[in-house]
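The structure appears right after this line, and notes come after that.
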Amino acid sequence: MAEDLCLINNKDSSFIIKVPKKSPLVSRMVLLLFAMICGVYICSICLRQINTQSRPKLVVPYMKRPCPAPAVEKGELRYLHYPKPVTYEREECACNPVRYFAILSMQRSGSGWFETLLNSHINVSSNGEIFSNKERRSNISSIVNTLDKVYNLDWFSSASKNECSAAVGFKWMLNQGLLAHQEQIVEYFNRRGVSAVFLFRRNLLRRLISVLANNYDRDFKLLNGTHKSHVHSHHQAEILAQYKPTINATLLINNLKVVEDATAKALEYFNSTRHIIVYYEDLISNKTKLAEVQGFLRVPLMELKSRQVKIHKGSLADHVQNWDDVNKTLTGTPYERYLYADYEM
């Protein structure tokens, strides 16, 4: 063994040192050990990733906090609602209470104008004359389904402010199934806490003139071939006001009585509901009436505006073709008061 390590050269007495050759077995063992260590390390990383991906994540359900109790009197609680729409989430408005209402009126009683005033309020959504569609009022089941959709905030119209509405409703004409199903509807209103806003006209003769003129325009479309029940310009209003209807004087008193009776029945049927009675003439002559309506709906007081322009202004004699006949028929009757000016415009 020593011969592999050191040899003596006799000639010059010098040492010659030979470096021993490395064993190939050792090199292979070192390489194999290194490969094994690398393999184990790589496998451990892969196993760790697999375990991380396959391990079920702990999902903590989002718990919605209960809405705080509203600061209202106990009797008011039945009129506060927290709808849960099917078509969207109210999100940050979920705890904003909503009040339900319905405008109960007759055609040509100012309900369209009144509704635009309400919809100018940032917190009010009144969705129009939804029961003008006959299918929706064909039976009480259809009526209830439509009401549920409106008050669940799943009814979409140009007036919808669904997410953060403080008051939501629509307008309902007396001849659109309201009186025909009055018992079930009163029960629904009381059960769901729906408030009724009655809107009528004191002067039923002025209303009749508006009805006849509107029916004429529906047939003859005076505004460039287009029928408009309401207008937004004085020019259009003047065009529509040029038509003067002829009133059947023989049937006049009976027609006025029919409208009076329908109004009285509606007030009697819905007397048990939470309601307010508003007259068109009062809204025009007394601006505080709009404040009363906002107070009734429990919404913040705001200045309400409408772009609609009144069509028939001034004396009724200027808007009826056979005014002398009408005047003669009503003079001396309980309806004589309708002949005179009821407000100033």
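Note on naming: chains are A, B, ... as they come in the structure tokens, residues start from 1 per chain, ligands start from 1 in the order shown.
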
Checklist entry - Can you list, as a PyMOL selection string, every protein, DNA or RNA residue that comes within 7 Å of Ile103 of chain A when you count only C-alpha atoms, leaving out same-chain residues fewer than 6 positions away? => result chain A and resi 170-172+196-199

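Residues within 7 Å of segment 110-121 of chain A, counting only C-alpha atoms and excluding same-chain residues fewer than 2 positions away, are Ser105, Arg108, Asn123, Val124, Ser125, Ser126, Ala159, Leu199, Tyr280, Met302, Leu304, Lys305, Ser306 and Gln308 of chain A.
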
Checklist entry - Given the choices A:Asn248, A:Ser160, A:Asn224, A:Gln236, which gets closest to Leu212 of chain A if the distance is worked out from only C-alpha atoms? => result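 For Leu212 of chain A, the nearest of the candidates is A:Asn248.
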
With only C-alpha atoms counted and 10 Å as the cut-off, give the residues of segment 85-174 of chain A in contact with segment 254-278 of chain A, each with its shortest interatomic distance in Å and the pair that gives it, as JSON lines.
{"residue": "A:Phe101", "atom": "CA", "partner": "A:His275", "partner_atom": "CA", "distance": 9.1}
{"residue": "A:Ala102", "atom": "CA", "partner": "A:His275", "partner_atom": "CA", "distance": 9.5}
{"residue": "A:Ile103", "atom": "CA", "partner": "A:Ile276", "partner_atom": "CA", "distance": 9.8}
{"residue": "A:Leu104", "atom": "CA", "partner": "A:Ala266", "partner_atom": "CA", "distance": 8.6}
{"residue": "A:Ser105", "atom": "CA", "partner": "A:Thr263", "partner_atom": "CA", "distance": 8.6}
{"residue": "A:Met106", "atom": "CA", "partner": "A:Thr263", "partner_atom": "CA", "distance": 8.8}
{"residue": "A:Leu174", "atom": "CA", "partner": "A:Ala266", "partner_atom": "CA", "distance": 7.6}

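The environment of Leu178 of chain A within 10 Å, counting only C-alpha atoms and disregarding residues fewer than 6 places along the same chain, consists of Leu104, Phe131, Arg137, Ile140, Ile143, Trp172, Gln184, Ile185, Val186 and Ala266 of chain A.
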
Next on the checklist: To test your reading of the structure, identify every residue in segment 102-178 of chain A that backbone DSSP assigns to alpha helix (DSSP H), and report it as a ChimeraX atom specification.
Outcome noted: /A:111-119,140-151

Next on the checklist: Restricting the calculation to only C-alpha atoms: of A:Pro70, A:Pro83, A:Pro300, A:Pro245, which residue gets closest to Ala317 of chain A?
Outcome noted: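 Of A:Pro70, A:Pro83, A:Pro300, A:Pro245, the one nearest Ala317 of chain A, counting only C-alpha atoms, is A:Pro245.
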